[in-house]
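To keep things clear, I will list the structure first and then write my remarks on it.
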Amino acid sequence: MRTDHWKAVRKIEKNSFFNQNIWIRTIQLLFIILCSVLIRAQSGPDFTILADKAFQKLYQNPDECISYSQSLLISDQNPEHRIVLQNIISQAYAMKGDYIQSVNIYSQNEDSEEKEDLSYFLQAAGDYNLADQYQNLDLFNQSQQIISGLLADRKLLKDDHSRMNVITAKLYQLQAINFGINRNYHEGLENLSKSDQHLNFSNRENGILRIENRIFRASFLMRQNKPEEARYLLESTIVLIEKSTENYFLQALAHENLARYYFLTEDYVTASEILEKGLSKIENLPYNSLKAKIYESLSKNYFALHDDEKYHEYNKLYTELRTRLDSSTKEGIRYIVKLVEINQSKNLEFRTQKELKKISIISSVFLIIITGLLLCFMILKSTRKDLKKQLDFFEKQRIQEKTKTGNLSKEVPSAHKATEKDPNKISKEKENEILQKLEEWEKEQRYLDKSMTLSMLSSQMGVNTKYLSEVINSSKGKNFNGYINELRINHIALLLRTDPAYLNYKVSYLAEYSGFSSHSAFTTVFRSVTGMSPNAYIQEISKSTAS
């Protein structure tokens, strides 16, 4: 009925006012179009422009980026817009080294409904953020696993949506970093190229990601023993970055990578100057993760330059900042493990619809996280232990050179520290007698005899084997093998430091000379005492001698 009525009205208008109506309708149509344009122009900038500005601020000042992005979140209820902004805020906190808050922002995405009800973009963006969180927390295997699953989805690669292209580019970039951590630089470079293929020059975000890829590419080339290619790429990148004076993070990152080239070529002065310049870009900005890298590199360069004042200055800054970052990392890992457990790893397998399969995947991922966590702690503990050994060993070496006492392994007997002595143990007089004989034995360097054993030494000293073993354990803090091996290592290390001729000898000769039965045994004990391999120690001494 309604259609017939409308047709009748149109027929009357056509017969009565045809010419007038045409002009009136034309004017009305133009008026509506004009009003629509004006209203749209006054409704504010397009979201892509706002998001691009937020991403730029990420590389200018993370605090300003967080404040600006949060102000956009308040007024924007579009779920796709919100996840883009939350990802940016999460990245800003990660750049600050606040991994707990970074994970907390990520967890806000988990308040959504079941993944089946979300758009494909929201699913991909959420999983990208989770992969990014794992990488920030040094859980690279977990990050790589998530990204591999996403990139295997043809739907992701075929999507021509501009925001989806950026997500894909970022995924390839993250995967490249994961390969780089595992020293698979060839795969890393291939993933950077794929990342570039999904970027254009439509906005600043694409341009920034391209610059980041150039810096990562240079880093991989340097590790592939192509330093000159890396240097040229970094220098041209720095020129490109400095055209926009506000990209402080990228400027500092590029300078930090370029300094590695000069460090590898042993031009420590230039490396230090470049690092200082890079640090000046972010010194007053909270890019704590990057600052820690620069502080560490500066301390190494000034150590090589024998500038003790600056070495201690930057080493202190690095240690303090690294401690805070490590604490934040541990808490972030605990938080994300708890989050994965509570939310049943919804962001790890959004394509899984069967509940039984979900439970199986959650259990597997949880075990991987725990294993990765334990591995991270073990690696961190081992690395710090080796670094402490190296610092302590070099300090002992310097003391020995100054005092020329001739033996680094002599320690304050633990018996002196004790307030009581077990009456069943050896008498004090006998212990002092054995210690005196051990001191004479050390001075004569008879520990270099590879056939020397505890029984042989007790026989030479005319001392009961049990008593001798007990004194060595209590006064030296180690058993006979540990004691004699440390004497041998300290002896050969001192010769390498004081007599340049020994630097030219093969490690196998040094092993035999110092009383070891094999090259492998010498290398193992040398690392346990000094915290580094014999070759690494020789390189350090050679550098010090050359400079």
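FYI, nothing fancy with the structure tokens labels: chains A, B, ... in order, residues from 1 per chain, ligands from 1 as they appear.
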Query raised in the report: What lies within 12 Å of region 513-526 of chain A using only C-alpha atoms, ignoring chain neighbours under 3 positions off, as a PyMOL selection string?
Result: chain A and resi 386+389-390+393+445-453+481-496+502+505-510+529-538
Requested in this report: Find the residues around Glu190 (chain A) up to 10 Å (only C-alpha atoms counted), leave out those fewer than 3 positions away in its own chain, and share them as a count of residues only.
Outcome: 10
Query raised in the report: Of the residues A:Ala92, A:Leu250, A:Leu435, A:Leu298, which is the one nearest to Leu317 (chain A), using only C-alpha atoms?
Result: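 Selected residue with least distance to Leu317 (chain A): A:Leu298.
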Requested in this report: Find the residue from A:Val269, A:Leu171, A:Ala51, A:Met378 that sits nearest to Ala131 (chain A); use only C-alpha atoms when measuring.
Outcome: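 Using only C-alpha atoms, Ala131 (chain A) sits closest to A:Leu171.
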